Structures are given as structure tokens and as C-alpha cells.
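Asker: protein-v8.csv is reproduced in full below (CSV, C-alpha atoms).
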```csv
chain,number,residue,atom,x,y,z
A,21,MET,CA,125.9,-41.8,169.7
A,22,LYS,CA,123.4,-41.4,172.5
A,23,LEU,CA,122.6,-37.9,171.2
A,24,SER,CA,121.7,-39.1,167.7
A,25,ARG,CA,119.4,-41.8,169.0
A,26,PHE,CA,117.7,-39.2,171.3
A,27,SER,CA,117.4,-36.7,168.5
A,28,ASN,CA,115.9,-39.3,166.2
A,29,LEU,CA,113.3,-40.1,168.9
A,30,ILE,CA,112.5,-36.4,169.3
A,31,VAL,CA,112.1,-35.8,165.6
A,32,SER,CA,109.9,-38.9,165.0
A,33,LEU,CA,107.7,-38.0,168.0
A,34,SER,CA,107.3,-34.4,166.9
A,35,VAL,CA,106.4,-35.5,163.3
A,36,ALA,CA,103.9,-37.9,164.7
A,37,LEU,CA,102.3,-35.2,166.9
A,38,LEU,CA,102.2,-32.8,164.0
A,39,LEU,CA,100.6,-35.2,161.6
A,40,THR,CA,98.0,-36.6,164.1
A,41,PRO,CA,95.3,-34.0,163.3
A,42,PHE,CA,95.6,-34.7,159.6
A,43,VAL,CA,95.4,-38.4,160.0
A,44,SER,CA,92.5,-38.5,162.5
A,45,ALA,CA,90.4,-35.9,160.8
A,46,SER,CA,87.5,-37.5,159.0
A,47,PRO,CA,86.3,-35.8,155.8
A,48,ASP,CA,82.7,-34.9,155.4
A,49,ARG,CA,80.5,-37.2,153.3
A,50,GLU,CA,80.2,-34.6,150.6
A,51,ASP,CA,84.0,-34.4,150.2
A,52,ILE,CA,84.4,-38.1,149.4
A,53,GLU,CA,85.1,-38.8,145.8
A,54,ILE,CA,83.5,-42.0,144.4
A,55,ILE,CA,85.4,-43.8,141.7
A,56,THR,CA,83.7,-46.5,139.7
A,57,VAL,CA,86.0,-49.0,138.0
A,58,THR,CA,84.6,-51.3,135.3
A,59,GLY,CA,86.7,-54.3,134.4
A,60,ASP,CA,87.0,-55.4,130.9
A,61,GLN,CA,88.1,-58.7,129.6
A,62,SER,CA,89.9,-59.4,126.3
A,63,LEU,CA,88.2,-61.5,123.7
A,64,ALA,CA,90.7,-64.3,124.4
A,65,GLN,CA,89.8,-64.2,128.1
A,66,MET,CA,86.1,-64.4,127.1
A,67,ARG,CA,86.7,-67.3,124.8
A,68,SER,CA,88.5,-69.1,127.6
A,69,ALA,CA,85.5,-68.4,130.0
A,70,ILE,CA,83.2,-69.8,127.3
A,71,LYS,CA,85.2,-73.0,127.1
A,72,GLN,CA,85.2,-73.3,130.9
A,73,LYS,CA,81.5,-72.7,131.1
A,74,ARG,CA,80.9,-75.3,128.3
A,75,LEU,CA,82.9,-77.9,130.2
A,76,GLU,CA,81.1,-77.2,133.4
A,77,PHE,CA,77.7,-77.5,131.6
A,78,TYR,CA,78.8,-80.8,130.0
A,79,GLU,CA,79.9,-82.2,133.3
A,80,ALA,CA,76.6,-81.2,134.9
A,81,TYR,CA,74.7,-82.6,131.9
A,82,ASN,CA,76.6,-86.0,132.2
A,83,ASP,CA,75.8,-86.1,135.9
A,84,VAL,CA,72.0,-85.9,135.4
A,85,ASN,CA,71.8,-87.8,132.1
A,86,THR,CA,70.5,-91.3,132.5
A,87,ASP,CA,70.9,-92.3,128.8
A,88,LYS,CA,74.7,-92.7,128.4
A,89,TYR,CA,74.3,-92.9,124.7
A,90,PHE,CA,73.8,-89.1,124.7
A,91,ASP,CA,76.8,-88.3,127.1
A,92,MET,CA,79.2,-85.7,126.0
A,93,MET,CA,82.8,-86.9,125.8
A,94,CYS,CA,85.5,-84.3,126.0
A,95,GLU,CA,89.2,-84.9,125.6
A,96,TRP,CA,92.4,-83.0,124.7
A,97,ARG,CA,93.4,-83.6,121.1
A,98,ALA,CA,96.2,-82.2,118.8
A,99,THR,CA,95.7,-82.1,115.1
A,100,ILE,CA,98.1,-84.1,113.0
A,101,GLY,CA,101.5,-82.3,112.8
A,102,SER,CA,100.8,-80.1,115.8
A,103,ASN,CA,101.7,-80.3,119.4
A,104,ILE,CA,99.1,-77.8,120.4
A,105,LYS,CA,96.2,-79.5,122.1
A,106,SER,CA,92.7,-78.2,122.4
A,107,ILE,CA,89.7,-79.6,124.1
A,108,GLU,CA,87.1,-81.2,121.8
A,109,CYS,CA,83.7,-82.5,122.8
A,110,GLU,CA,81.3,-84.7,121.0
A,111,PRO,CA,78.4,-87.0,122.0
A,112,ARG,CA,79.1,-90.6,122.6
A,113,TYR,CA,76.7,-91.7,119.8
A,114,VAL,CA,78.9,-89.8,117.3
A,115,ARG,CA,81.9,-91.9,118.4
A,116,LEU,CA,79.9,-95.1,118.2
A,117,ILE,CA,78.6,-94.4,114.7
A,118,ARG,CA,82.1,-93.3,113.5
A,119,SER,CA,83.6,-96.6,114.9
A,120,GLU,CA,80.8,-98.6,113.2
A,121,GLN,CA,81.5,-96.9,109.9
A,122,THR,CA,85.3,-97.5,110.3
A,123,ARG,CA,84.7,-101.1,111.1
A,124,ASP,CA,82.4,-101.5,108.0
A,125,ASN,CA,85.0,-99.8,105.8
A,126,ILE,CA,87.7,-102.2,107.0
A,127,HIS,CA,85.5,-105.4,106.8
A,128,GLY,CA,83.2,-104.4,104.0
A,129,PHE,CA,83.6,-104.1,100.3
A,130,ASP,CA,85.3,-100.7,100.6
A,131,PHE,CA,88.6,-101.9,102.1
A,132,TYR,CA,90.9,-98.9,102.7
A,133,LEU,CA,93.7,-99.1,105.3
A,134,ASN,CA,93.0,-96.7,108.1
A,135,LYS,CA,90.1,-95.2,106.3
A,136,MET,CA,88.2,-93.0,108.7
A,137,PRO,CA,84.8,-91.9,107.5
A,138,ALA,CA,84.7,-88.2,106.7
A,139,ASP,CA,82.2,-86.0,108.6
A,140,THR,CA,80.4,-85.5,105.3
A,141,HIS,CA,79.7,-89.2,105.1
A,142,LEU,CA,78.5,-89.2,108.7
A,143,THR,CA,76.1,-86.2,108.4
A,144,PRO,CA,73.1,-88.1,106.9
A,145,LEU,CA,73.5,-90.9,109.5
A,146,LEU,CA,73.7,-88.4,112.4
A,147,ARG,CA,71.0,-86.0,111.4
A,148,ALA,CA,68.2,-87.9,113.2
A,149,LYS,CA,70.4,-88.6,116.2
A,150,HIS,CA,71.3,-84.9,116.6
A,151,GLU,CA,67.6,-84.0,116.7
A,152,ASP,CA,67.0,-86.7,119.3
A,153,ALA,CA,70.0,-85.6,121.4
A,154,GLY,CA,68.8,-81.9,121.2
A,155,ALA,CA,65.3,-82.9,122.4
A,156,HIS,CA,66.8,-85.0,125.2
A,157,MET,CA,69.2,-82.2,126.3
A,158,ALA,CA,66.3,-79.6,126.3
A,159,LYS,CA,64.2,-81.9,128.4
A,160,LEU,CA,66.9,-82.4,131.0
A,161,ILE,CA,67.6,-78.6,131.1
A,162,GLN,CA,63.9,-78.0,131.9
A,163,GLN,CA,63.8,-80.7,134.5
A,164,HIS,CA,67.0,-79.9,136.5
A,165,PRO,CA,67.5,-76.4,137.9
A,166,GLU,CA,71.2,-76.9,138.4
A,167,LEU,CA,71.6,-77.8,134.7
A,168,THR,CA,69.4,-74.8,133.8
A,169,ASN,CA,71.7,-72.5,135.8
A,170,LYS,CA,74.8,-73.9,134.0
A,171,TRP,CA,73.1,-73.5,130.6
A,172,ASN,CA,72.1,-69.8,131.4
A,173,GLU,CA,75.7,-69.1,132.6
A,174,LEU,CA,77.0,-70.5,129.3
A,175,LEU,CA,74.5,-68.4,127.3
A,176,ILE,CA,75.5,-65.3,129.1
A,177,ALA,CA,79.2,-65.9,128.5
A,178,VAL,CA,78.5,-66.4,124.8
A,179,TYR,CA,76.3,-63.3,124.6
A,180,ARG,CA,79.0,-61.2,126.3
A,181,TYR,CA,81.6,-62.5,123.9
A,182,GLU,CA,79.5,-61.9,120.8
A,183,SER,CA,78.5,-58.4,121.9
A,184,GLN,CA,82.1,-57.4,122.7
A,185,LYS,CA,83.3,-58.9,119.4
A,186,SER,CA,80.7,-56.8,117.5
A,187,LEU,CA,81.6,-53.7,119.4
A,188,ASN,CA,85.3,-54.2,118.6
A,189,LYS,CA,84.4,-54.7,114.9
A,190,ASP,CA,82.3,-51.5,114.9
A,191,GLU,CA,85.2,-49.6,116.5
A,192,LYS,CA,87.7,-50.8,113.9
A,193,GLN,CA,85.3,-49.8,111.1
A,194,GLN,CA,85.0,-46.2,112.4
```
Represent the structure contained in this file as C-alpha cells.
Answerer:
Amino acid sequence: MKLSRFSNLIVSLSVALLLTPFVSASPDREDIEIITVTGDQSLAQMRSAIKQKRLEFYEAYNDVNTDKYFDMMCEWRATIGSNIKSIECEPRYVRLIRSEQTRDNIHGFDFYLNKMPADTHLTPLLRAKHEDAGAHMAKLIQQHPELTNKWNELLIAVYRYESQKSLNKDEKQQ
């Protein structure tokens, strides 16, 4: 028993002494191989990044926005008949106008139970508000550098996604 422990110790010491020159030797700078790795993301990962950047932008926008009428409201919604929820964002004024139209449908001459106004009915009412909201958002983006950074990050994420999507489409066509 003592002999096997002693022999194991001798073998391990001799292996360590034999390998020491190889371990401690430093290669010349010319012998070092440089490997560059470029990480790719799938389109699904890029879409997820865009959603995250959009939410970050809306959060920053709501923080600096003084007119709450133009706030962006985001919530998780599932379509009727589905349990899969997705995040949907819309300005507060769209919700207010939609609720006014629903109230008018219920109390007005066009009485329909649970009649929600379709987006096609809301489009003429919202056209001027969308232009006002766009101008308001552009002004805030120009005035606040942190909002400008979030906006640029969102644009870069969208650009990367669109360029990768077009590259994938071109590869499939060839």
C-alpha cells in the first residue's frame, strides 16, 4: 500500500517536471494565431431586441413627456380565442377617442351592444392627432439627449433586422 502511494507520487512529480518546459515556454508573437469570431443573431432574436428597444424608448419618452395626452400606453393583450399574449402600444389619445366613439355608439342613434368602433372609422378622426403627436415626439427627441440615444438605438436595431432579413431573402433566391 505504501509502495503504490510512493510510486504514484514519483510518477506525478516526474510528469510535472517533464511538462514544465512546455508549459512555461512562451511562444513568439509571430506564432500566435488570431481568431476573430463574429456573432450572429437570428431574425427572431433581432425582432425581440427591437421590441425591447421600442419599450425602452417609450418608457424614456413617457418620462420626459409633459403632455400626458400623447403618452404611449403599452400592455400585454391576447386576441380573442388565443392565450398567446403580445405587447401592444398605442398613444393615450387613441384610447380616449376610441372610448368616446364607443360611448357615442351606445348612447347615440347607432345603438349596438358592445359595438367597438373599427379602426377604419377612427382613421379620419385620428389623422390630425397623429401629425400632432409626431411633431411633439420629434421635438422631444431633439430636446432631450437621452431620448435621442434611445431613438438611435431603436433605429439601429430596426436597420440591422431589415438588412439581415433582406440578406436572408437574397440567399434563398440564389
Asker: Scan for residues within 12 Å of the point (82.8, -78.3, 132.5) in the coordinates of the file, using all atoms listed in the file, and reply as a list in words.
Answerer: Ser68, Ala69, Ile70, Lys71, Gln72, Lys73, Arg74, Leu75, Glu76, Phe77, Tyr78, Glu79, Ala80, Tyr81, Asn82, Asp83, Met92, Met93, Cys94, Glu95, Ile107, Glu108, Cys109, Leu167, Lys170, Trp171, Glu173 and Leu174 of chain A
Asker: CA of Tyr179 in chain A and CA of Ile104 in chain A are how many Å apart?
Answerer: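 Between these atoms lies a distance of 27.3 Å.
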Asker: Tell me, in Å to one decimal, how far CA of Trp96 in chain A is from CA of Tyr113 in chain A.
Answerer: 18.6 Å
Asker: For the atom pair CA of Ala155 in chain A and CA of Ser183 in chain A, what is the interatomic distance in Å to one decimal place?
Answerer: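 These atoms are spaced 27.8 Å apart.
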Asker: Which residue gives the smallest distance to Ala158 in chain A among A:Gln65, A:Leu187, A:Asn85, A:Glu110, with only C-alpha atoms counted?
Answerer: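 Nearest to Ala158 in chain A: A:Asn85.
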Asker: So that I can see what lies close to Tyr89 in chain A, please list as a list in words the residues with an atom at most 9 Å from it, counting all atoms listed in the file and leaving out residues fewer than 6 positions away in the same chain.
Answerer: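 Neighbouring residues, sequence-local ones excluded: Pro111, Arg112, Tyr113 and Leu116 of chain A.
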Asker: Could you tell me which of A:Asp60, A:Asp51, A:Asp152, A:Glu166 comes closest to Arg180 in chain A if we count all atoms listed in the file?
Answerer: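 That would be A:Asp60, the residue with the smallest distance to Arg180 in chain A.
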